[in-house]
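Reproduced below: entry04.pdb, with PDB, C-alpha atoms, pLDDT in the B column.
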ATOM      1  CA  MET A 286     -32.738 -11.185 -45.175  1.00 47.00           C
ATOM      2  CA  ALA A 287     -31.391 -11.517 -41.684  1.00 54.00           C
ATOM      3  CA  GLY A 288     -29.990  -8.213 -40.496  1.00 71.00           C
ATOM      4  CA  SER A 289     -31.443  -6.276 -43.425  1.00 80.00           C
ATOM      5  CA  ARG A 290     -32.501  -2.662 -43.399  1.00 88.00           C
ATOM      6  CA  ARG A 291     -35.113  -0.929 -45.513  1.00 90.00           C
ATOM      7  CA  LEU A 292     -33.872   1.642 -48.042  1.00 90.00           C
ATOM      8  CA  GLU A 293     -35.450   4.139 -50.385  1.00 90.00           C
ATOM      9  CA  LEU A 294     -34.932   3.119 -54.023  1.00 89.00           C
ATOM     10  CA  SER A 295     -32.698   6.128 -54.752  1.00 87.00           C
ATOM     11  CA  GLU A 296     -30.528   5.247 -51.743  1.00 88.00           C
ATOM     12  CA  ALA A 297     -30.289   1.605 -52.850  1.00 85.00           C
ATOM     13  CA  LEU A 298     -29.280   2.557 -56.390  1.00 84.00           C
ATOM     14  CA  ALA A 299     -26.555   4.867 -55.044  1.00 86.00           C
ATOM     15  CA  LEU A 300     -24.796   2.133 -53.023  1.00 85.00           C
ATOM     16  CA  GLY A 301     -22.101   1.628 -55.631  1.00 80.00           C
ATOM     17  CA  PRO A 302     -20.537  -1.138 -57.700  1.00 82.00           C
ATOM     18  CA  GLY A 303     -19.709  -3.468 -54.800  1.00 85.00           C
ATOM     19  CA  TRP A 304     -23.402  -4.207 -54.267  1.00 89.00           C
ATOM     20  CA  ARG A 305     -25.532  -6.741 -56.155  1.00 90.00           C
ATOM     21  CA  HIS A 306     -29.205  -6.116 -56.869  1.00 92.00           C
ATOM     22  CA  ALA A 307     -31.929  -8.766 -56.887  1.00 93.00           C
ATOM     23  CA  CYS A 308     -35.517  -8.072 -57.957  1.00 96.00           C
ATOM     24  CA  HIS A 309     -38.582 -10.162 -57.154  1.00 97.00           C
ATOM     25  CA  ALA A 310     -42.278  -9.716 -57.939  1.00 98.00           C
ATOM     26  CA  MET A 311     -45.528 -10.743 -56.358  1.00 98.00           C
ATOM     27  CA  LEU A 312     -47.985 -11.468 -59.166  1.00 98.00           C
ATOM     28  CA  TYR A 313     -51.653 -11.297 -58.216  1.00 98.00           C
ATOM     29  CA  ALA A 314     -55.072 -11.107 -59.828  1.00 98.00           C
ATOM     30  CA  PRO A 315     -58.673 -10.748 -58.689  1.00 98.00           C
ATOM     31  CA  ASP A 316     -60.250 -14.203 -58.368  1.00 97.00           C
ATOM     32  CA  PRO A 317     -64.048 -14.533 -58.146  1.00 97.00           C
ATOM     33  CA  GLY A 318     -63.777 -18.246 -57.271  1.00 96.00           C
ATOM     34  CA  LYS A 319     -65.006 -19.871 -54.077  1.00 95.00           C
ATOM     35  CA  LEU A 320     -63.347 -22.708 -52.185  1.00 94.00           C
ATOM     36  CA  PHE A 321     -65.859 -25.523 -51.584  1.00 93.00           C
ATOM     37  CA  GLY A 322     -68.463 -23.222 -53.153  1.00 94.00           C
ATOM     38  CA  ARG A 323     -68.507 -21.053 -50.014  1.00 93.00           C
ATOM     39  CA  ILE A 324     -65.195 -19.383 -49.166  1.00 93.00           C
ATOM     40  CA  PRO A 325     -64.430 -16.374 -51.403  1.00 94.00           C
ATOM     41  CA  LEU A 326     -60.902 -16.551 -52.790  1.00 94.00           C
ATOM     42  CA  ARG A 327     -60.866 -12.795 -53.603  1.00 95.00           C
ATOM     43  CA  TYR A 328     -57.365 -12.809 -55.161  1.00 97.00           C
ATOM     44  CA  ALA A 329     -54.901 -15.308 -56.566  1.00 97.00           C
ATOM     45  CA  VAL A 330     -51.382 -14.512 -55.302  1.00 98.00           C
ATOM     46  CA  LEU A 331     -48.402 -16.474 -56.647  1.00 98.00           C
ATOM     47  CA  MET A 332     -45.268 -17.545 -54.852  1.00 98.00           C
ATOM     48  CA  GLN A 333     -42.788 -20.258 -55.763  1.00 97.00           C
ATOM     49  CA  MET A 334     -41.076 -23.168 -54.094  1.00 97.00           C
ATOM     50  CA  ARG A 335     -37.384 -22.539 -54.572  1.00 96.00           C
ATOM     51  CA  PHE A 336     -34.527 -24.981 -55.099  1.00 96.00           C
ATOM     52  CA  ASP A 337     -33.600 -24.655 -51.403  1.00 96.00           C
ATOM     53  CA  GLY A 338     -37.048 -25.711 -50.186  1.00 96.00           C
ATOM     54  CA  ARG A 339     -38.085 -22.201 -49.136  1.00 97.00           C
ATOM     55  CA  LEU A 340     -40.909 -20.067 -50.454  1.00 98.00           C
ATOM     56  CA  GLY A 341     -40.126 -16.878 -52.322  1.00 97.00           C
ATOM     57  CA  PHE A 342     -41.227 -14.686 -55.180  1.00 98.00           C
ATOM     58  CA  PRO A 343     -40.133 -15.127 -58.794  1.00 97.00           C
ATOM     59  CA  GLY A 344     -37.157 -13.024 -59.841  1.00 96.00           C
ATOM     60  CA  GLY A 345     -33.437 -12.950 -59.267  1.00 94.00           C
ATOM     61  CA  PHE A 346     -30.216 -11.055 -59.708  1.00 93.00           C
ATOM     62  CA  VAL A 347     -30.013  -8.176 -62.157  1.00 92.00           C
ATOM     63  CA  ASP A 348     -26.747  -8.150 -64.082  1.00 84.00           C
ATOM     64  CA  ALA A 349     -24.756  -5.644 -66.121  1.00 71.00           C
ATOM     65  CA  ARG A 350     -26.458  -6.568 -69.408  1.00 80.00           C
ATOM     66  CA  ASP A 351     -29.826  -5.452 -68.014  1.00 84.00           C
ATOM     67  CA  GLY A 352     -30.603  -1.816 -68.786  1.00 84.00           C
ATOM     68  CA  CYS A 353     -32.435  -1.220 -65.505  1.00 91.00           C
ATOM     69  CA  LEU A 354     -33.836  -3.122 -62.532  1.00 94.00           C
ATOM     70  CA  GLU A 355     -37.138  -3.738 -64.272  1.00 96.00           C
ATOM     71  CA  ASP A 356     -35.437  -5.092 -67.434  1.00 96.00           C
ATOM     72  CA  GLY A 357     -33.552  -7.585 -65.266  1.00 95.00           C
ATOM     73  CA  LEU A 358     -36.669  -8.533 -63.327  1.00 96.00           C
ATOM     74  CA  ASN A 359     -38.682  -9.129 -66.499  1.00 96.00           C
ATOM     75  CA  ARG A 360     -35.857 -11.283 -67.917  1.00 95.00           C
ATOM     76  CA  GLU A 361     -35.832 -13.336 -64.704  1.00 95.00           C
ATOM     77  CA  LEU A 362     -39.618 -13.716 -64.806  1.00 97.00           C
ATOM     78  CA  ARG A 363     -39.433 -15.138 -68.341  1.00 96.00           C
ATOM     79  CA  GLU A 364     -36.660 -17.555 -67.269  1.00 95.00           C
ATOM     80  CA  GLU A 365     -38.541 -18.758 -64.176  1.00 96.00           C
ATOM     81  CA  LEU A 366     -42.156 -18.549 -65.357  1.00 97.00           C
ATOM     82  CA  GLY A 367     -41.940 -19.099 -69.115  1.00 96.00           C
ATOM     83  CA  GLU A 368     -43.234 -17.237 -72.128  1.00 95.00           C
ATOM     84  CA  ALA A 369     -46.568 -16.281 -70.523  1.00 96.00           C
ATOM     85  CA  ALA A 370     -44.547 -13.716 -68.546  1.00 96.00           C
ATOM     86  CA  SER A 371     -43.925 -11.908 -71.856  1.00 96.00           C
ATOM     87  CA  ALA A 372     -47.630 -10.931 -71.963  1.00 96.00           C
ATOM     88  CA  PHE A 373     -47.065  -8.280 -69.274  1.00 97.00           C
ATOM     89  CA  ARG A 374     -44.248  -6.099 -67.989  1.00 97.00           C
ATOM     90  CA  VAL A 375     -43.376  -5.216 -64.415  1.00 98.00           C
ATOM     91  CA  GLU A 376     -42.659  -1.475 -64.363  1.00 97.00           C
ATOM     92  CA  ARG A 377     -41.209   1.035 -61.899  1.00 96.00           C
ATOM     93  CA  ALA A 378     -44.808   1.912 -60.933  1.00 97.00           C
ATOM     94  CA  ASP A 379     -45.093  -1.630 -59.488  1.00 98.00           C
ATOM     95  CA  TYR A 380     -42.115  -1.074 -57.132  1.00 97.00           C
ATOM     96  CA  ARG A 381     -42.820  -1.524 -53.391  1.00 96.00           C
ATOM     97  CA  SER A 382     -39.603  -1.675 -51.339  1.00 95.00           C
ATOM     98  CA  SER A 383     -35.862  -2.320 -51.083  1.00 93.00           C
ATOM     99  CA  HIS A 384     -33.926  -4.093 -48.311  1.00 91.00           C
ATOM    100  CA  ALA A 385     -30.137  -4.242 -47.974  1.00 89.00           C
ATOM    101  CA  ALA A 386     -28.169  -7.018 -46.306  1.00 80.00           C
ATOM    102  CA  ALA A 387     -24.842  -5.389 -45.456  1.00 67.00           C
ATOM    103  CA  GLY A 388     -22.926  -8.600 -44.739  1.00 80.00           C
ATOM    104  CA  GLN A 389     -23.858  -9.981 -48.152  1.00 84.00           C
ATOM    105  CA  ARG A 390     -23.754  -6.614 -49.990  1.00 88.00           C
ATOM    106  CA  VAL A 391     -27.069  -7.501 -51.641  1.00 91.00           C
ATOM    107  CA  VAL A 392     -30.099  -5.271 -52.136  1.00 92.00           C
ATOM    108  CA  ALA A 393     -33.454  -7.002 -52.644  1.00 93.00           C
ATOM    109  CA  HIS A 394     -36.031  -4.949 -54.547  1.00 95.00           C
ATOM    110  CA  PHE A 395     -39.679  -5.977 -54.329  1.00 97.00           C
ATOM    111  CA  TYR A 396     -42.496  -5.323 -56.801  1.00 98.00           C
ATOM    112  CA  ALA A 397     -46.194  -6.243 -56.912  1.00 98.00           C
ATOM    113  CA  LYS A 398     -47.900  -6.587 -60.308  1.00 98.00           C
ATOM    114  CA  ARG A 399     -51.661  -6.859 -60.715  1.00 98.00           C
ATOM    115  CA  LEU A 400     -52.646  -9.108 -63.611  1.00 98.00           C
ATOM    116  CA  GLU A 401     -55.909 -10.313 -65.086  1.00 97.00           C
ATOM    117  CA  LEU A 402     -56.817 -13.777 -63.809  1.00 98.00           C
ATOM    118  CA  GLU A 403     -56.408 -15.191 -67.328  1.00 97.00           C
ATOM    119  CA  GLN A 404     -52.802 -13.912 -67.427  1.00 97.00           C
ATOM    120  CA  LEU A 405     -52.021 -15.432 -64.031  1.00 98.00           C
ATOM    121  CA  VAL A 406     -53.553 -18.781 -65.019  1.00 98.00           C
ATOM    122  CA  ALA A 407     -51.473 -18.715 -68.231  1.00 97.00           C
ATOM    123  CA  VAL A 408     -48.331 -18.177 -66.126  1.00 97.00           C
ATOM    124  CA  GLU A 409     -49.266 -21.152 -63.929  1.00 97.00           C
ATOM    125  CA  ALA A 410     -49.944 -23.346 -66.970  1.00 97.00           C
ATOM    126  CA  GLY A 411     -46.728 -22.402 -68.779  1.00 96.00           C
ATOM    127  CA  ALA A 412     -44.339 -22.449 -65.815  1.00 96.00           C
ATOM    128  CA  PRO A 413     -43.456 -26.172 -66.133  1.00 96.00           C
ATOM    129  CA  GLN A 414     -41.955 -25.401 -69.577  1.00 95.00           C
ATOM    130  CA  ALA A 415     -39.838 -22.492 -68.271  1.00 95.00           C
ATOM    131  CA  LYS A 416     -36.055 -22.643 -68.534  1.00 92.00           C
ATOM    132  CA  ASP A 417     -35.530 -22.750 -64.755  1.00 93.00           C
ATOM    133  CA  HIS A 418     -38.408 -25.093 -63.858  1.00 94.00           C
ATOM    134  CA  GLY A 419     -37.133 -28.091 -61.912  1.00 92.00           C
ATOM    135  CA  LEU A 420     -33.828 -26.307 -61.296  1.00 93.00           C
ATOM    136  CA  GLU A 421     -34.116 -22.950 -59.525  1.00 92.00           C
ATOM    137  CA  VAL A 422     -37.909 -23.214 -59.318  1.00 95.00           C
ATOM    138  CA  LEU A 423     -39.602 -26.390 -58.083  1.00 96.00           C
ATOM    139  CA  GLY A 424     -43.153 -25.149 -58.598  1.00 96.00           C
ATOM    140  CA  LEU A 425     -45.667 -22.362 -58.085  1.00 97.00           C
ATOM    141  CA  VAL A 426     -48.115 -22.071 -55.210  1.00 98.00           C
ATOM    142  CA  ARG A 427     -51.085 -19.812 -54.556  1.00 98.00           C
ATOM    143  CA  VAL A 428     -51.271 -18.082 -51.202  1.00 98.00           C
ATOM    144  CA  PRO A 429     -54.521 -18.869 -49.323  1.00 97.00           C
ATOM    145  CA  LEU A 430     -55.915 -15.479 -48.284  1.00 96.00           C
ATOM    146  CA  TYR A 431     -58.566 -16.848 -45.934  1.00 94.00           C
ATOM    147  CA  THR A 432     -58.512 -18.225 -42.404  1.00 92.00           C
ATOM    148  CA  LEU A 433     -60.586 -21.321 -41.743  1.00 92.00           C
ATOM    149  CA  ARG A 434     -62.856 -21.609 -38.726  1.00 91.00           C
ATOM    150  CA  ASP A 435     -60.216 -23.572 -36.819  1.00 92.00           C
ATOM    151  CA  GLY A 436     -58.085 -20.411 -36.819  1.00 89.00           C
ATOM    152  CA  VAL A 437     -55.125 -22.332 -38.275  1.00 92.00           C
ATOM    153  CA  GLY A 438     -56.022 -23.418 -41.796  1.00 93.00           C
ATOM    154  CA  GLY A 439     -55.417 -21.064 -44.693  1.00 95.00           C
ATOM    155  CA  LEU A 440     -53.131 -18.044 -44.369  1.00 96.00           C
ATOM    156  CA  PRO A 441     -52.000 -18.680 -40.762  1.00 96.00           C
ATOM    157  CA  ALA A 442     -50.746 -22.157 -41.702  1.00 97.00           C
ATOM    158  CA  PHE A 443     -49.161 -20.872 -44.917  1.00 97.00           C
ATOM    159  CA  LEU A 444     -47.183 -18.212 -43.024  1.00 97.00           C
ATOM    160  CA  LYS A 445     -45.572 -20.931 -40.857  1.00 97.00           C
ATOM    161  CA  ASN A 446     -43.623 -22.213 -43.875  1.00 97.00           C
ATOM    162  CA  SER A 447     -39.962 -21.361 -44.412  1.00 98.00           C
ATOM    163  CA  PHE A 448     -39.465 -18.229 -46.539  1.00 97.00           C
ATOM    164  CA  ILE A 449     -36.297 -16.842 -48.119  1.00 93.00           C
ATOM    165  CA  GLY A 450     -34.997 -13.492 -46.837  1.00 89.00           C
ATOM    166  CA  THR A 451     -37.750 -10.948 -46.264  1.00 90.00           C
ATOM    167  CA  ALA A 452     -40.333 -12.728 -48.472  1.00 95.00           C
ATOM    168  CA  ARG A 453     -42.754 -13.410 -45.586  1.00 96.00           C
ATOM    169  CA  GLU A 454     -42.665  -9.779 -44.494  1.00 94.00           C
ATOM    170  CA  GLN A 455     -42.962  -8.545 -48.090  1.00 95.00           C
ATOM    171  CA  LEU A 456     -45.997 -10.789 -48.596  1.00 97.00           C
ATOM    172  CA  GLN A 457     -47.731  -9.641 -45.416  1.00 96.00           C
ATOM    173  CA  GLU A 458     -47.035  -5.966 -46.087  1.00 95.00           C
ATOM    174  CA  ALA A 459     -48.217  -6.165 -49.714  1.00 97.00           C
ATOM    175  CA  LEU A 460     -51.399  -8.063 -48.798  1.00 97.00           C
ATOM    176  CA  GLN A 461     -52.248  -5.425 -46.203  1.00 96.00           C
ATOM    177  CA  ASP A 462     -51.245  -2.335 -48.208  1.00 95.00           C
ATOM    178  CA  LEU A 463     -52.956  -3.494 -51.415  1.00 96.00           C
ATOM    179  CA  GLY A 464     -56.139  -4.439 -49.556  1.00 95.00           C
ATOM    180  CA  LEU A 465     -56.022  -8.081 -50.662  1.00 95.00           C
ATOM    181  CA  LEU A 466     -57.088  -9.513 -47.304  1.00 89.00           C
ATOM    182  CA  GLU A 467     -60.631  -9.732 -46.010  1.00 73.00           C
ATOM    183  CA  SER A 468     -61.668  -6.690 -44.049  1.00 57.00           C
ATOM    184  CA  GLY A 469     -60.946  -7.601 -40.463  1.00 46.00           C
ATOM    185  CA  SER A 470     -58.270 -10.075 -41.584  1.00 44.00           C
ATOM    186  CA  GLY A 471     -57.808 -12.774 -39.061  1.00 43.00           C
ATOM    187  CA  ARG A 472     -61.564 -13.234 -39.039  1.00 43.00           C
ATOM    188  CA  LYS A 473     -62.295 -16.903 -39.285  1.00 42.00           C
ATOM    189  CA  THR A 474     -64.218 -18.239 -42.228  1.00 42.00           C
ATOM    190  CA  SER A 475     -66.803 -20.802 -41.234  1.00 41.00           C
ATOM    191  CA  ALA A 476     -65.912 -23.634 -43.505  1.00 43.00           C
ATOM    192  CA  HIS A 477     -65.047 -27.246 -43.187  1.00 40.00           C
ATOM    193  CA  ARG A 478     -63.696 -29.442 -45.888  1.00 39.00           C
ATOM    194  CA  PRO A 479     -66.440 -31.649 -47.349  1.00 39.00           C
ATOM    195  CA  GLN A 480     -66.213 -35.278 -46.277  1.00 33.00           C
TER     196      GLN A 480
END
Taking this structure as input, can you express it in the form of structure tokens?
Amino acid sequence: MAGSRRLELSEALALGPGWRHACHAMLYAPDPGKLFGRIPLRYAVLMQMRFDGRLGFPGGFVDARDGCLEDGLNRELREELGEAASAFRVERADYRSSHAAAGQRVVAHFYAKRLELEQLVAVEAGAPQAKDHGLEVLGLVRVPLYTLRDGVGGLPAFLKNSFIGTAREQLQEALQDLGLLESGSGRKTSAHRPQ
């Protein structure tokens, strides 16, 4: 969010009734696959193409009927990702950060949930049947965690897309803090697409 500032969760929750709270989650899972049989994928990380053409994480606004932030986030995940999101629950332990945009009086809370690859694949498969698919959510994408030998392909190219609010920064921080990038990230993977 332009002009946002980072807050502790307790500070964000104490802002008062004039503020709206939105929660979003990065879902990820270890992935033993290899691109072109050579480039280790390491992890599958999901983002979504939003209705406005920008990349973001699944989630949305928490409302009064939600008992807590996590209840609202899990409701939003089921609406945007479908019933496969009922197989897991994002909890307070998955919380990563909060950012407030004063002009909008919105606080964005960010979570990262580690899944099994089978759970993540089930989310991908079921998402087209979700309530919000084709409306708020135009589709899911996996984040490429590698850099190709040209120094552009993979994660560097992905990060040049348009992201909503602080989603790009949240992604980069989570990838680094959770150790999801190759050691020495930025190292180029020697791979070319097969002809």
query = Where does the PyMOL selection byres ((chain A and resi 422) around 8) land in this file, that is, which residues does it pick, as a PyMOL selection string?
reply = chain A and resi 333-336+365+417-421+423-425
ask   = Out of A:Ile449, A:Arg350, A:Leu463, A:Glu401, which residue has the shortest atom-to-atom distance to Gly338 in chain A when counting all atoms listed in the file?
value = A:Ile449
query = For Arg327 in chain A, which residue among A:Val391, A:Leu340, A:Ala385, A:Ala314 is the nearest when counting only C-alpha atoms?
reply =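 Under the stated criterion, the closest residue is A:Ala314.
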inquiry  = I'd like the neighbourhood of Cys308 in chain A as a PyMOL selection string, where a residue qualifies if any of its atoms comes within 12 Å (using all atoms listed in the file), though same-chain residues fewer than 3 positions away should be ignored.
reply    = chain A and resi 294+305+311+341-348+351+353-362+375-377+379-385+391-397+452
ask   = In terms of the shortest atom-to-atom distance over all atoms listed in the file, which of A:Gly301, A:Pro325, A:Gly352, A:Pro413 is closest to Gly367 in chain A?
value = A:Pro413
ask   = Expressed in Å to a single decimal, how great is the separation between CA of Lys445 in chain A and CA of Tyr313 in chain A?
value =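 If I compute the distance from CA of Lys445 in chain A to CA of Tyr313 in chain A, I get 20.8 Å.
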inquiry  = Using only C-alpha atoms and a cutoff of 6 Å, can you tell me which residues are near (-50.0, -15.8, -53.9) in the file's coordinates, and write them out as a count of residues only?
reply    = 6
request  = Work out how far apart CA of Gly411 in chain A and CA of Val426 in chain A are and give it in Å to one decimal.
outcome  =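 Separation of CA of Gly411 in chain A and CA of Val426 in chain A: 13.6 Å.
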Would you list the residues near (-55.6, -16.4, -68.7) (no more than 12 Å away, in the coordinates of the file, using only C-alpha atoms) as a PDB file with C-alpha atoms, in the frame of the given file?
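Writing done, so here's out32.pdb:
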ATOM      1  CA  ALA A 314     -55.072 -11.107 -59.828  1.00 98.00           C
ATOM      2  CA  PRO A 315     -58.673 -10.748 -58.689  1.00 98.00           C
ATOM      3  CA  ASP A 316     -60.250 -14.203 -58.368  1.00 97.00           C
ATOM      4  CA  ALA A 369     -46.568 -16.281 -70.523  1.00 96.00           C
ATOM      5  CA  ALA A 370     -44.547 -13.716 -68.546  1.00 96.00           C
ATOM      6  CA  ALA A 372     -47.630 -10.931 -71.963  1.00 96.00           C
ATOM      7  CA  PHE A 373     -47.065  -8.280 -69.274  1.00 97.00           C
ATOM      8  CA  LEU A 400     -52.646  -9.108 -63.611  1.00 98.00           C
ATOM      9  CA  GLU A 401     -55.909 -10.313 -65.086  1.00 97.00           C
ATOM     10  CA  LEU A 402     -56.817 -13.777 -63.809  1.00 98.00           C
ATOM     11  CA  GLU A 403     -56.408 -15.191 -67.328  1.00 97.00           C
ATOM     12  CA  GLN A 404     -52.802 -13.912 -67.427  1.00 97.00           C
ATOM     13  CA  LEU A 405     -52.021 -15.432 -64.031  1.00 98.00           C
ATOM     14  CA  VAL A 406     -53.553 -18.781 -65.019  1.00 98.00           C
ATOM     15  CA  ALA A 407     -51.473 -18.715 -68.231  1.00 97.00           C
ATOM     16  CA  VAL A 408     -48.331 -18.177 -66.126  1.00 97.00           C
ATOM     17  CA  GLU A 409     -49.266 -21.152 -63.929  1.00 97.00           C
ATOM     18  CA  ALA A 410     -49.944 -23.346 -66.970  1.00 97.00           C
ATOM     19  CA  GLY A 411     -46.728 -22.402 -68.779  1.00 96.00           C
TER      20      GLY A 411
END
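If only C-alpha atoms are the atoms counted, then among A:Arg390, A:Arg290, A:His309, A:Arg323 the closest residue to Leu456 in chain A is A:His309.
A straight line drawn from CA of Thr451 in chain A to CA of Pro317 in chain A is 29.1 Å long.
Among the candidates A:Ala310, A:Leu366, A:Ala386, A:Leu326, the residue lying nearest to Ala297 in chain A is A:Ala386 (atoms considered: all atoms listed in the file).
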query = Which polymer residues have any atom within 8 Å of an atom of Leu465 in chain A, counting all atoms listed in the file, with same-chain residues fewer than 5 positions away left out, as a list in words?
reply =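 What passes the distance filter is Arg327, Tyr328, Leu430 and Leu460 of chain A.
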inquiry  = Give me the residues near Pro429 in chain A as a PyMOL selection string, where near means some atom within 6 Å (using only C-alpha atoms) and where sequence neighbours in that chain fewer than 2 positions away do not count.
reply    = chain A and resi 431+439-440
request  = Considering all atoms listed in the file, state which residue in the set A:Pro302, A:Gly388, A:Gly464, A:Gly450 is at the smallest distance from Ala349 in chain A.
outcome  = A:Pro302
Start from the incomplete input, build N, CA, C and O atoms for range 449-462 of chain A, and deliver everything as a tab-separated table (two decimals), in the coordinates of the input.
chain	number	residue	atom	x	y	z
A	449	ILE	N	-37.63	-17.38	-47.88
A	449	ILE	CA	-36.30	-16.84	-48.12
A	449	ILE	C	-36.27	-15.36	-47.75
A	449	ILE	O	-37.23	-14.63	-48.02
A	450	GLY	N	-35.21	-14.92	-47.12
A	450	GLY	CA	-35.00	-13.49	-46.84
A	450	GLY	C	-36.19	-12.82	-46.19
A	450	GLY	O	-36.71	-13.28	-45.18
A	451	THR	N	-36.63	-11.72	-46.80
A	451	THR	CA	-37.75	-10.95	-46.26
A	451	THR	C	-39.06	-11.27	-46.97
A	451	THR	O	-40.02	-10.51	-46.88
A	452	ALA	N	-39.14	-12.41	-47.67
A	452	ALA	CA	-40.33	-12.73	-48.47
A	452	ALA	C	-41.60	-12.78	-47.63
A	452	ALA	O	-42.66	-12.32	-48.08
A	453	ARG	N	-41.55	-13.35	-46.44
A	453	ARG	CA	-42.75	-13.41	-45.59
A	453	ARG	C	-43.23	-11.99	-45.26
A	453	ARG	O	-44.42	-11.67	-45.38
A	454	GLU	N	-42.31	-11.15	-44.85
A	454	GLU	CA	-42.66	-9.78	-44.49
A	454	GLU	C	-43.16	-9.00	-45.72
A	454	GLU	O	-44.11	-8.22	-45.61
A	455	GLN	N	-42.52	-9.22	-46.87
A	455	GLN	CA	-42.96	-8.54	-48.09
A	455	GLN	C	-44.38	-8.98	-48.44
A	455	GLN	O	-45.21	-8.15	-48.82
A	456	LEU	N	-44.66	-10.27	-48.32
A	456	LEU	CA	-46.00	-10.79	-48.60
A	456	LEU	C	-47.02	-10.14	-47.67
A	456	LEU	O	-48.04	-9.60	-48.13
A	457	GLN	N	-46.78	-10.17	-46.38
A	457	GLN	CA	-47.73	-9.64	-45.42
A	457	GLN	C	-47.98	-8.15	-45.64
A	457	GLN	O	-49.12	-7.69	-45.60
A	458	GLU	N	-46.90	-7.41	-45.87
A	458	GLU	CA	-47.04	-5.97	-46.09
A	458	GLU	C	-47.82	-5.68	-47.37
A	458	GLU	O	-48.71	-4.82	-47.38
A	459	ALA	N	-47.52	-6.39	-48.44
A	459	ALA	CA	-48.22	-6.16	-49.71
A	459	ALA	C	-49.70	-6.54	-49.60
A	459	ALA	O	-50.56	-5.80	-50.09
A	460	LEU	N	-50.00	-7.66	-48.95
A	460	LEU	CA	-51.40	-8.06	-48.80
A	460	LEU	C	-52.18	-6.99	-48.05
A	460	LEU	O	-53.31	-6.65	-48.42
A	461	GLN	N	-51.59	-6.46	-47.01
A	461	GLN	CA	-52.25	-5.42	-46.20
A	461	GLN	C	-52.37	-4.12	-46.98
A	461	GLN	O	-53.46	-3.56	-47.10
A	462	ASP	N	-51.25	-3.63	-47.53
A	462	ASP	CA	-51.24	-2.34	-48.21
A	462	ASP	C	-52.11	-2.31	-49.47
A	462	ASP	O	-52.67	-1.27	-49.81
